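S.K.: This is target-v2.cif (mmCIF, C-alpha atoms).
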```
data_data
loop_
_atom_site.label_atom_id
_atom_site.label_comp_id
_atom_site.auth_asym_id
_atom_site.auth_seq_id
_atom_site.Cartn_x
_atom_site.Cartn_y
_atom_site.Cartn_z
CA MET C 1 -0.56 3.91 -5.73
CA PRO C 2 -1.41 7.23 -4.12
CA ALA C 3 -2.25 9.91 -6.69
CA GLU C 4 -2.66 12.37 -3.84
CA PRO C 5 -1.39 12.58 -0.26
CA ILE C 6 -3.03 10.21 2.19
CA THR C 7 -4.56 12.27 4.97
CA LEU C 8 -3.63 9.80 7.70
CA LEU C 9 0.03 9.84 6.60
CA GLU C 10 0.48 13.54 5.89
CA GLY C 11 3.14 15.00 8.18
CA LYS C 12 3.61 11.74 10.08
CA ARG C 13 7.21 10.97 10.97
CA ILE C 14 7.93 7.33 10.15
CA ILE C 15 11.22 5.59 10.84
CA LEU C 16 11.80 2.85 8.28
CA GLY C 17 14.34 0.26 9.39
CA VAL C 18 15.82 -1.85 6.61
CA THR C 19 17.78 -5.06 7.26
CA GLY C 20 19.79 -7.41 5.07
CA SER C 21 17.37 -9.24 2.81
CA ILE C 22 16.95 -9.53 -0.95
CA ALA C 23 13.54 -7.92 -0.32
CA VAL C 24 15.27 -4.59 0.35
CA TYR C 25 14.23 -3.48 -3.14
CA LYS C 26 10.61 -3.58 -1.97
CA ALA C 27 11.54 -1.40 1.01
CA ALA C 28 12.82 1.24 -1.41
CA ASP C 29 9.44 1.23 -3.14
CA LEU C 30 7.69 1.44 0.24
CA ALA C 31 9.83 4.42 1.25
CA SER C 32 8.98 6.13 -2.04
CA LYS C 33 5.25 5.57 -1.67
CA LEU C 34 5.26 6.75 1.95
CA ALA C 35 7.00 9.96 0.92
CA GLN C 36 4.54 10.47 -1.96
CA ALA C 37 1.71 10.02 0.53
CA GLY C 38 3.05 12.91 2.61
CA ALA C 39 4.97 11.11 5.34
CA LEU C 40 8.39 12.20 6.61
CA VAL C 41 10.49 9.06 6.24
CA ASP C 42 13.77 8.59 8.11
CA VAL C 43 15.55 5.45 6.97
CA ILE C 44 17.95 3.41 9.09
CA MET C 45 19.92 0.76 7.20
CA THR C 46 21.88 -2.04 8.80
CA GLU C 47 25.31 -2.90 7.47
CA ALA C 48 23.91 -6.01 5.79
CA ALA C 49 21.12 -4.03 4.09
CA GLN C 50 23.72 -1.80 2.46
CA ARG C 51 25.16 -4.84 0.69
CA PHE C 52 21.92 -5.12 -1.29
CA VAL C 53 20.98 -1.46 -1.91
CA ALA C 54 22.99 1.70 -1.49
CA PRO C 55 21.79 4.34 1.02
CA LEU C 56 21.65 6.84 -1.84
CA THR C 57 18.63 4.97 -3.22
CA PHE C 58 16.59 5.69 -0.10
CA GLN C 59 17.87 9.23 0.16
CA SER C 60 16.75 9.84 -3.43
CA VAL C 61 13.18 8.58 -2.91
CA THR C 62 12.61 10.19 0.51
CA GLY C 63 14.54 13.44 0.10
CA ARG C 64 15.93 12.92 3.60
CA ALA C 65 19.16 11.67 5.13
CA VAL C 66 19.72 7.94 5.53
CA TYR C 67 21.30 6.73 8.78
CA THR C 68 23.70 3.82 8.92
CA THR C 69 25.78 4.13 12.11
CA MET C 70 25.58 5.18 15.72
CA TRP C 71 28.83 7.06 15.35
CA ALA C 72 28.05 10.44 13.81
CA THR C 73 30.46 11.89 11.28
CA ALA C 74 30.44 15.06 9.23
CA ASP C 75 28.79 13.18 6.39
CA ASP C 76 26.42 11.10 8.50
CA ALA C 77 25.15 13.32 11.31
CA LEU C 78 22.40 12.08 13.57
CA PRO C 79 19.50 14.42 14.40
CA THR C 80 20.66 15.15 17.97
CA HIS C 81 23.80 14.80 20.03
CA ILE C 82 22.14 11.91 21.88
CA ALA C 83 22.80 9.50 19.06
CA HIS C 84 21.12 6.42 20.47
CA VAL C 85 17.72 8.06 21.09
CA GLY C 86 17.65 10.98 18.67
CA LEU C 87 15.94 9.25 15.80
CA GLY C 88 13.20 7.83 18.03
CA GLU C 89 12.22 11.20 19.46
CA GLY C 90 8.88 12.35 18.11
CA ALA C 91 8.42 9.44 15.72
CA ASP C 92 4.85 8.35 15.05
CA LEU C 93 5.74 4.83 13.94
CA LEU C 94 8.79 2.59 13.59
CA VAL C 95 8.53 0.14 10.71
CA ILE C 96 11.17 -2.52 10.05
CA ALA C 97 10.62 -3.95 6.58
CA PRO C 98 12.12 -6.28 5.72
CA ILE C 99 13.18 -7.65 9.09
CA THR C 100 15.41 -10.72 9.02
CA ALA C 101 15.46 -13.64 11.44
CA GLN C 102 18.70 -12.21 12.86
CA THR C 103 17.15 -8.82 13.68
CA ILE C 104 14.00 -10.45 15.06
CA ALA C 105 16.19 -12.44 17.46
CA ARG C 106 18.18 -9.36 18.46
CA LEU C 107 15.05 -7.33 19.22
CA ALA C 108 13.47 -10.20 21.13
CA HIS C 109 16.53 -10.40 23.37
CA GLY C 110 16.99 -6.65 23.75
CA LEU C 111 20.39 -6.40 22.06
CA ALA C 112 21.57 -2.89 21.29
CA ASP C 113 24.57 -3.28 19.04
CA ASP C 114 23.67 -1.05 16.09
CA LEU C 115 21.65 2.08 15.36
CA LEU C 116 18.45 0.24 14.41
CA ALA C 117 18.48 -1.91 17.54
CA VAL C 118 19.04 1.00 19.91
CA THR C 119 16.39 3.06 18.13
CA ALA C 120 13.90 0.21 18.57
CA LEU C 121 14.71 0.11 22.29
CA ALA C 122 14.58 3.88 22.78
CA ALA C 123 11.52 4.71 20.66
CA ARG C 124 8.18 5.06 22.43
CA CYS C 125 6.08 4.89 19.27
CA PRO C 126 4.36 1.72 17.98
CA LEU C 127 6.58 -0.85 16.24
CA LEU C 128 5.53 -2.72 13.10
CA VAL C 129 7.74 -5.45 11.64
CA ALA C 130 7.44 -7.32 8.33
CA PRO C 131 9.55 -10.50 8.30
CA ALA C 132 11.26 -11.68 5.11
CA MET C 133 13.54 -14.71 4.96
CA ASP C 134 14.38 -17.72 2.82
CA GLY C 135 13.56 -21.40 3.05
CA GLY C 136 12.13 -22.71 6.30
CA MET C 137 13.60 -19.93 8.44
CA TYR C 138 10.27 -18.25 9.17
CA ALA C 139 8.63 -21.50 10.32
CA HIS C 140 11.59 -22.47 12.52
CA PRO C 141 10.61 -22.71 16.21
CA ALA C 142 13.32 -20.22 17.20
CA THR C 143 11.94 -17.57 14.85
CA GLN C 144 8.36 -18.25 15.92
CA ASP C 145 9.30 -18.06 19.61
CA ASN C 146 11.05 -14.74 19.04
CA LEU C 147 8.05 -13.36 17.15
CA ALA C 148 5.75 -14.51 19.96
CA THR C 149 7.94 -12.58 22.41
CA LEU C 150 7.66 -9.44 20.27
CA ARG C 151 3.90 -9.82 19.89
CA ALA C 152 3.54 -10.17 23.66
CA ARG C 153 5.27 -6.79 23.97
CA GLY C 154 2.78 -5.18 21.61
CA VAL C 155 4.79 -5.35 18.42
CA MET C 156 2.62 -5.63 15.30
CA VAL C 157 3.78 -8.39 12.94
CA VAL C 158 2.86 -8.48 9.25
CA GLU C 159 2.53 -12.08 8.14
CA PRO C 160 4.77 -12.85 5.15
CA ASP C 161 3.46 -14.21 1.87
CA GLU C 162 4.01 -17.67 0.47
CA GLY C 163 5.91 -18.04 -2.77
CA ARG C 164 9.20 -18.80 -4.46
CA PHE C 165 12.40 -17.57 -2.85
CA ALA C 166 15.66 -16.44 -4.43
CA SER C 167 17.09 -19.85 -3.50
CA GLY C 168 14.48 -21.60 -5.62
CA LEU C 169 12.66 -22.99 -2.59
CA VAL C 170 8.93 -22.40 -2.10
CA GLY C 171 7.35 -21.55 1.24
CA LYS C 172 6.24 -18.77 3.59
CA GLY C 173 8.59 -15.88 4.05
CA ARG C 174 8.21 -13.42 1.18
CA LEU C 175 7.78 -9.74 2.02
CA PRO C 176 4.27 -8.60 1.01
CA GLU C 177 3.91 -6.08 -1.78
CA THR C 178 3.92 -2.35 -1.09
CA PRO C 179 0.11 -1.80 -1.08
CA VAL C 180 -0.27 -4.44 1.64
CA LEU C 181 2.54 -2.94 3.71
CA LEU C 182 0.97 0.51 3.32
CA GLY C 183 -2.33 -0.92 4.52
CA HIS C 184 -0.74 -2.28 7.68
CA ILE C 185 1.01 1.05 8.29
CA ARG C 186 -2.30 2.88 7.95
CA ARG C 187 -3.90 0.43 10.36
CA ALA C 188 -1.11 0.98 12.89
CA LEU C 189 -1.42 4.76 12.68
CA GLY C 190 -5.23 4.80 12.75
CA TRP C 191 -5.92 2.63 15.81
CA HIS C 192 -6.79 5.54 18.10
CA GLY C 193 -8.83 7.57 15.62
CA PRO C 194 -12.30 9.06 16.22
CA LEU C 195 -13.98 5.71 15.50
CA GLU C 196 -11.80 3.65 17.82
CA GLY C 197 -13.82 0.77 19.22
CA ARG C 198 -16.70 1.37 16.78
CA ARG C 199 -18.11 -1.30 14.49
CA VAL C 200 -18.83 -0.05 10.98
CA VAL C 201 -20.50 -1.95 8.13
CA VAL C 202 -19.92 -0.80 4.54
CA THR C 203 -21.56 -2.16 1.40
CA ALA C 204 -19.95 -1.79 -2.03
CA GLY C 205 -20.45 -2.66 -5.67
CA GLY C 206 -23.42 -3.48 -7.83
CA THR C 207 -25.52 -6.58 -7.28
CA ARG C 208 -25.87 -9.18 -10.06
CA GLU C 209 -29.19 -10.93 -10.57
CA PRO C 210 -28.98 -14.21 -12.52
CA LEU C 211 -31.11 -14.62 -15.64
CA ASP C 212 -29.83 -18.04 -16.71
CA LEU C 213 -26.64 -20.07 -16.33
CA VAL C 214 -24.69 -17.46 -18.31
CA ARG C 215 -26.32 -14.05 -18.03
CA VAL C 216 -26.97 -11.62 -15.20
CA LEU C 217 -28.77 -8.30 -14.79
CA ALA C 218 -26.25 -5.87 -13.33
CA ASN C 219 -25.37 -2.19 -13.12
CA ARG C 220 -22.29 -0.04 -13.74
CA SER C 221 -21.21 0.43 -10.12
CA SER C 222 -17.44 -0.01 -9.75
CA GLY C 223 -17.45 -0.32 -5.96
CA LYS C 224 -14.70 2.32 -5.68
CA GLN C 225 -16.66 4.64 -3.39
CA GLY C 226 -17.61 1.82 -1.05
CA TYR C 227 -14.03 0.58 -0.80
CA ALA C 228 -12.85 4.14 -0.14
CA LEU C 229 -15.38 4.37 2.69
CA ALA C 230 -14.09 1.12 4.19
CA GLN C 231 -10.53 2.45 4.07
CA ALA C 232 -11.52 5.79 5.59
CA ALA C 233 -13.34 4.02 8.43
CA LEU C 234 -10.25 1.88 9.07
CA ASP C 235 -8.09 5.01 9.08
CA ALA C 236 -10.42 6.42 11.73
CA GLY C 237 -9.88 3.36 13.94
CA ALA C 238 -13.08 1.42 13.27
CA ASP C 239 -13.56 -2.33 13.04
CA VAL C 240 -14.90 -2.65 9.52
CA THR C 241 -17.04 -5.28 7.84
CA LEU C 242 -17.09 -4.82 4.06
CA ILE C 243 -19.98 -6.47 2.23
CA SER C 244 -19.06 -6.45 -1.43
CA THR C 245 -20.02 -7.82 -4.82
CA MET C 246 -16.61 -6.92 -6.27
CA GLY C 247 -13.79 -9.37 -6.84
CA GLU C 248 -11.41 -7.04 -8.67
CA LEU C 249 -10.66 -4.37 -6.07
CA PRO C 250 -8.02 -4.92 -3.36
CA VAL C 251 -9.63 -5.32 0.06
CA PRO C 252 -8.40 -2.68 2.54
CA VAL C 253 -6.05 -4.23 5.09
CA GLY C 254 -7.95 -4.90 8.30
CA ALA C 255 -11.45 -5.10 6.80
CA ALA C 256 -13.47 -8.29 7.23
CA LEU C 257 -14.84 -9.15 3.78
CA LEU C 258 -18.21 -10.75 3.09
CA ARG C 259 -18.64 -11.58 -0.60
CA VAL C 260 -22.17 -11.55 -2.03
CA GLU C 261 -23.70 -11.36 -5.49
CA THR C 262 -27.46 -10.84 -5.43
CA ALA C 263 -29.67 -8.34 -3.65
CA ALA C 264 -31.11 -11.15 -1.51
CA GLN C 265 -27.63 -12.25 -0.44
CA MET C 266 -26.69 -8.68 0.37
CA ARG C 267 -29.84 -8.22 2.44
CA ASP C 268 -29.07 -11.29 4.53
CA ALA C 269 -25.44 -10.24 4.99
CA VAL C 270 -26.37 -6.68 5.97
CA LEU C 271 -29.03 -7.69 8.49
CA GLY C 272 -26.61 -10.14 10.07
CA ALA C 273 -23.73 -7.66 10.20
CA VAL C 274 -25.59 -4.64 11.58
CA ALA C 275 -26.68 -6.39 14.76
CA GLY C 276 -24.67 -4.48 17.36
CA ALA C 277 -22.98 -2.27 14.75
CA ASP C 278 -22.48 1.44 15.32
CA ALA C 279 -22.90 2.50 11.70
CA LEU C 280 -24.03 1.23 8.32
CA LEU C 281 -22.86 2.94 5.14
CA MET C 282 -24.99 1.60 2.30
CA ALA C 283 -22.86 2.54 -0.72
CA ALA C 284 -23.72 -0.52 -2.82
CA ALA C 285 -25.89 -0.14 -5.91
CA VAL C 286 -28.56 -2.72 -5.17
CA ALA C 287 -30.85 -3.92 -7.95
CA ASP C 288 -34.48 -2.84 -7.58
CA TYR C 289 -35.69 -5.70 -9.77
CA ARG C 290 -34.68 -9.27 -10.55
CA PRO C 291 -35.92 -11.81 -13.10
CA ALA C 292 -39.13 -13.45 -11.96
CA GLN C 293 -37.64 -16.80 -12.93
CA VAL C 294 -34.10 -17.98 -13.48
CA ALA C 295 -33.81 -20.26 -16.50
CA ALA C 296 -32.34 -23.66 -15.66
CA GLN C 297 -30.38 -23.63 -18.93
CA LYS C 298 -28.88 -20.97 -21.18
CA ILE C 299 -31.62 -19.08 -23.02
CA LYS C 300 -31.12 -19.71 -26.74
CA LYS C 301 -32.16 -17.45 -29.57
CA SER C 302 -34.19 -18.82 -32.47
CA GLY C 303 -33.51 -18.38 -36.18
CA ASP C 304 -36.19 -15.68 -36.38
CA ALA C 305 -34.43 -12.29 -36.55
CA SER C 306 -37.62 -10.51 -35.49
CA GLU C 307 -37.96 -12.56 -32.31
CA GLU C 308 -38.50 -10.58 -29.11
CA LEU C 309 -37.72 -11.74 -25.60
CA ALA C 310 -39.92 -10.67 -22.70
CA LEU C 311 -38.30 -10.74 -19.27
CA PRO C 312 -40.79 -10.45 -16.39
CA LEU C 313 -39.15 -8.70 -13.44
CA VAL C 314 -40.14 -8.58 -9.79
CA ARG C 315 -39.05 -6.28 -7.00
CA THR C 316 -36.10 -7.15 -4.80
CA ALA C 317 -36.14 -6.66 -1.06
CA ASP C 318 -35.70 -3.06 0.12
CA ILE C 319 -32.62 -3.48 2.31
CA LEU C 320 -32.73 -0.03 3.89
CA GLN C 321 -36.38 -0.46 4.82
CA ASP C 322 -35.52 -3.78 6.45
CA VAL C 323 -32.63 -2.11 8.27
CA ARG C 324 -35.01 0.61 9.44
CA ALA C 325 -37.35 -2.00 10.90
CA ALA C 326 -34.46 -3.80 12.61
CA ARG C 327 -33.16 -0.51 13.98
CA GLU C 328 -36.54 0.46 15.40
CA ALA C 329 -36.74 -2.92 17.13
CA SER C 330 -33.18 -3.13 18.49
CA GLY C 331 -31.57 0.32 18.26
CA TRP C 332 -28.84 -1.01 15.95
CA PRO C 333 -27.18 0.29 13.88
CA ARG C 334 -26.98 3.65 15.62
CA VAL C 335 -26.24 5.62 12.44
CA VAL C 336 -27.34 4.77 8.90
CA VAL C 337 -25.95 6.48 5.82
CA GLY C 338 -27.47 6.02 2.38
CA PHE C 339 -26.30 6.94 -1.12
CA ALA C 340 -28.44 8.36 -3.89
CA ALA C 341 -27.01 7.96 -7.38
CA GLU C 342 -29.45 10.06 -9.42
CA SER C 343 -29.72 11.18 -13.04
CA GLU C 344 -32.27 13.99 -12.47
CA ASP C 345 -33.65 16.10 -9.61
CA VAL C 346 -30.71 14.88 -7.57
CA LEU C 347 -31.28 16.71 -4.29
CA ARG C 348 -35.06 16.34 -4.31
CA ASN C 349 -34.86 12.60 -4.95
CA ALA C 350 -32.11 12.19 -2.36
CA GLU C 351 -34.10 14.01 0.30
CA ALA C 352 -37.14 11.87 -0.45
CA LYS C 353 -35.01 8.75 0.02
CA LEU C 354 -33.56 10.15 3.25
CA ARG C 355 -37.05 10.56 4.72
CA ALA C 356 -38.52 7.33 3.36
CA LYS C 357 -35.71 5.14 4.67
CA GLY C 358 -35.25 6.90 8.01
CA LEU C 359 -31.62 7.73 7.29
CA ASP C 360 -29.36 9.97 9.35
CA LEU C 361 -27.35 11.09 6.33
CA ILE C 362 -27.43 10.62 2.59
CA ALA C 363 -24.78 11.29 -0.04
CA ALA C 364 -26.30 12.45 -3.32
CA ASN C 365 -24.48 12.53 -6.62
CA ASP C 366 -25.34 13.04 -10.28
CA ILE C 367 -24.34 9.91 -12.17
CA THR C 368 -24.58 11.72 -15.52
CA ALA C 369 -21.53 13.87 -14.69
CA PRO C 370 -18.47 12.46 -16.53
CA ASP C 371 -16.20 13.06 -13.52
CA ALA C 372 -18.58 11.68 -10.89
CA GLY C 373 -20.46 8.76 -12.39
CA PHE C 374 -19.90 5.04 -12.09
CA GLY C 375 -16.28 3.99 -12.53
CA ALA C 376 -14.74 7.45 -12.04
CA ASP C 377 -12.04 8.04 -9.45
CA THR C 378 -13.65 11.36 -8.46
CA ASN C 379 -17.10 12.29 -7.21
CA ARG C 380 -19.32 15.34 -6.72
CA VAL C 381 -21.39 14.74 -3.62
CA THR C 382 -23.84 16.70 -1.52
CA LEU C 383 -24.46 15.43 2.01
CA LEU C 384 -28.01 15.87 3.33
CA ASP C 385 -28.89 15.20 6.94
CA ARG C 386 -32.19 14.52 8.68
CA ASP C 387 -32.27 18.05 10.14
CA GLY C 388 -32.33 19.64 6.69
CA GLY C 389 -28.64 20.50 6.51
CA GLN C 390 -26.75 20.33 3.22
CA GLN C 391 -23.00 20.13 2.63
CA ALA C 392 -21.79 20.34 -0.97
CA LEU C 393 -18.36 18.74 -1.24
CA GLY C 394 -17.57 19.72 -4.82
CA LEU C 395 -15.26 17.68 -7.04
CA LEU C 396 -13.06 15.46 -4.88
CA SER C 397 -11.36 12.11 -5.11
CA LYS C 398 -13.49 9.29 -3.80
CA ALA C 399 -10.98 8.91 -0.96
CA ARG C 400 -11.61 12.52 0.13
CA VAL C 401 -15.37 12.07 -0.21
CA ALA C 402 -15.12 8.99 2.00
CA GLU C 403 -13.15 10.90 4.63
CA ALA C 404 -15.82 13.62 4.71
CA VAL C 405 -18.59 11.04 5.14
CA ILE C 406 -16.69 9.21 7.89
CA ALA C 407 -16.07 12.50 9.69
CA ARG C 408 -19.82 13.15 9.72
CA VAL C 409 -20.48 9.63 11.00
CA ALA C 410 -18.00 10.18 13.83
CA GLU C 411 -19.75 13.46 14.71
CA LEU C 412 -23.16 11.79 14.72
CA LEU C 413 -21.99 8.98 17.00
CA ALA C 414 -20.24 11.41 19.34
CA GLY C 415 -23.43 13.48 19.49
CA GLN C 416 -25.45 10.41 20.45
CA ASP C 417 -22.93 9.57 23.19
CA GLU C 418 -23.24 13.08 24.60
CA GLY C 419 -27.01 12.99 24.35
#
```
Starting from the file, give its structure as structure tokens.
M.R.:
Amino acid sequence: MPAEPITLLEGKRIILGVTGSIAVYKAADLASKLAQAGALVDVIMTEAAQRFVAPLTFQSVTGRAVYTTMWATADDALPTHIAHVGLGEGADLLVIAPITAQTIARLAHGLADDLLAVTALAARCPLLVAPAMDGGMYAHPATQDNLATLRARGVMVVEPDEGRFASGLVGKGRLPETPVLLGHIRRALGWHGPLEGRRVVVTAGGTREPLDLVRVLANRSSGKQGYALAQAALDAGADVTLISTMGELPVPVGAALLRVETAAQMRDAVLGAVAGADALLMAAAVADYRPAQVAAQKIKKSGDASEELALPLVRTADILQDVRAAREASGWPRVVVGFAAESEDVLRNAEAKLRAKGLDLIAANDITAPDAGFGADTNRVTLLDRDGGQQALGLLSKARVAEAVIARVAELLAGQDEG
């Protein structure tokens, strides 16, 4: 979970509505993580929600008052004298998680019989709801009709997970875990960012070239920087395609994932995805060589301890050169960003790659640094552009590095639009 504030959430005022479901305990964790990320979280609890978790729990994790009634008292004062609209004033997002079938029905029919319902009617900010209910309640036609009504009004609905319920039944209706809910909240807040309406392609991870049925030639890339770039692009409002070799990292909510393994597969995926794309961020560590032949069976060692194994290697396709050719022919993608993971002469080698590949921007980093190499959560990056400019970012989290890169991409695209 967030080790540092999330830029998109910092200072945002989020109303978190909590209704009567056993999943309320997950809402407490969500409120805590939102507050840690820098958001200002105002919690509204229905009467039923308070039967599962006490308001003090939410007050403790948010550091802010928790609201439970429309009727202000000395101990439960609303933020303005206009009780039924006060909480909605100035909110950036209203999230109801969990939302029960009962509350879904009440919102769909415009009822205003408690503080959460009137706040939902009065608020002018986006509304995101995450249903949670037992048994077959979510699939019931009445619930689905009510959700369709809310969607038609622009309400964003987080699909529940499938799993085992408190009743012992199994089905669809479980509230997603906090990281997924956070992802949907980020998506809701980032829609109108500087990359709204842009298509961005990001590659991540290290390719794996098969040697036989068991072994591969690979590298130490963790994929963390590429996934951070995908998240930063989503936060900026982009439609993101993530081409990845990684199966361990959680996919940012909203990104379309294309899984690949080899350099050849990545080349095909990239060339297909960049047609009509605004930007390509080539963060993946693509193998330069692959085995000349892939053994049909596992390569076995002999009994001779002095035996040596020679592995002929051949070059893989140069993806960025192929992208350059496609770009010259079609004009797409409009902006191309490369990454140079170097162990010596970092800036000189990065600049050479920038020129050779026809890039608009390149991020150079020294992979020998213990706090910036493969697998680290931080990075030391210098951004070089085609006009000779350099921007040293210093030691930052990979999330902050990604935000800086995405900001430059947005500037480059805006400059092209003006030109």
S.K.: Rank nothing, just name the residue among C:Thr69, C:Ser302, C:Ser60, C:Thr203 nearest to Asp29 (chain C), using only C-alpha atoms.
M.R.: C:Ser60
S.K.: Determine the residue membership of the PyMOL selection byres ((chain C and resi 119) around 10) for the file above and supply it as a CSV table (one decimal) with C-alpha atoms, in the coordinates of the input.
M.R.:
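Writing done, so here's selection.csv:
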```
chain,number,residue,atom,x,y,z
C,15,ILE,CA,11.2,5.6,10.8
C,17,GLY,CA,14.3,0.3,9.4
C,44,ILE,CA,18.0,3.4,9.1
C,70,MET,CA,25.6,5.2,15.7
C,83,ALA,CA,22.8,9.5,19.1
C,84,HIS,CA,21.1,6.4,20.5
C,85,VAL,CA,17.7,8.1,21.1
C,86,GLY,CA,17.6,11.0,18.7
C,87,LEU,CA,15.9,9.2,15.8
C,88,GLY,CA,13.2,7.8,18.0
C,89,GLU,CA,12.2,11.2,19.5
C,94,LEU,CA,8.8,2.6,13.6
C,112,ALA,CA,21.6,-2.9,21.3
C,114,ASP,CA,23.7,-1.0,16.1
C,115,LEU,CA,21.6,2.1,15.4
C,116,LEU,CA,18.4,0.2,14.4
C,117,ALA,CA,18.5,-1.9,17.5
C,118,VAL,CA,19.0,1.0,19.9
C,120,ALA,CA,13.9,0.2,18.6
C,121,LEU,CA,14.7,0.1,22.3
C,122,ALA,CA,14.6,3.9,22.8
C,123,ALA,CA,11.5,4.7,20.7
C,124,ARG,CA,8.2,5.1,22.4
```
S.K.: Between region 81-124 of chain C and region 140-164 of chain C, at 12 Å or less, what are the per-residue closest atom pairs and their distances in Å? Count only C-alpha atoms, order by chain and rising residue number, and return it as CSV.
M.R.:
```
residue,atom,partner,partner_atom,distance
C:Leu93,CA,C:Met156,CA,11.0
C:Leu94,CA,C:Val155,CA,10.1
C:Val95,CA,C:Met156,CA,9.4
C:Ile96,CA,C:Val157,CA,9.9
C:Ala97,CA,C:Val158,CA,9.4
C:Pro98,CA,C:Pro160,CA,9.9
C:Ile99,CA,C:Val157,CA,10.2
C:Thr100,CA,C:Thr143,CA,9.6
C:Ala101,CA,C:Thr143,CA,6.3
C:Gln102,CA,C:Thr143,CA,8.9
C:Thr103,CA,C:Asn146,CA,10.0
C:Ile104,CA,C:Asn146,CA,6.6
C:Ala105,CA,C:Asn146,CA,5.8
C:Arg106,CA,C:Asn146,CA,9.0
C:Leu107,CA,C:Leu150,CA,7.8
C:Ala108,CA,C:Asn146,CA,5.6
C:His109,CA,C:Asn146,CA,8.2
C:Gly110,CA,C:Leu150,CA,10.3
C:Ala120,CA,C:Val155,CA,10.7
C:Leu121,CA,C:Arg153,CA,11.8
C:Arg124,CA,C:Gly154,CA,11.6
```
S.K.: Separation of CA of Arg259 (chain C) and CA of Val409 (chain C), in Å?
M.R.: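 One can read the CA of Arg259 (chain C) to CA of Val409 (chain C) distance as 24.2 Å.
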S.K.: Please list as a PDB file with C-alpha atoms, keeping the file's coordinate frame every residue within 6 Å of region 218-233 of chain C, counting all atoms listed in the file and excluding residues in the same chain fewer than 4 positions away.
M.R.:
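Result went into around-v9.pdb, see below:
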```
ATOM      1  CA  ALA C 204     -19.950  -1.790  -2.030  1.00  0.00           C
ATOM      2  CA  GLY C 205     -20.450  -2.660  -5.670  1.00  0.00           C
ATOM      3  CA  GLY C 206     -23.420  -3.480  -7.830  1.00  0.00           C
ATOM      4  CA  ARG C 208     -25.870  -9.180 -10.060  1.00  0.00           C
ATOM      5  CA  ALA C 238     -13.080   1.420  13.270  1.00  0.00           C
ATOM      6  CA  PRO C 252      -8.400  -2.680   2.540  1.00  0.00           C
ATOM      7  CA  ALA C 283     -22.860   2.540  -0.720  1.00  0.00           C
ATOM      8  CA  PHE C 374     -19.900   5.040 -12.090  1.00  0.00           C
ATOM      9  CA  GLY C 375     -16.280   3.990 -12.530  1.00  0.00           C
ATOM     10  CA  LYS C 398     -13.490   9.290  -3.800  1.00  0.00           C
ATOM     11  CA  ALA C 399     -10.980   8.910  -0.960  1.00  0.00           C
ATOM     12  CA  ALA C 402     -15.120   8.990   2.000  1.00  0.00           C
ATOM     13  CA  GLU C 403     -13.150  10.900   4.630  1.00  0.00           C
TER      14      GLU C 403
END
```
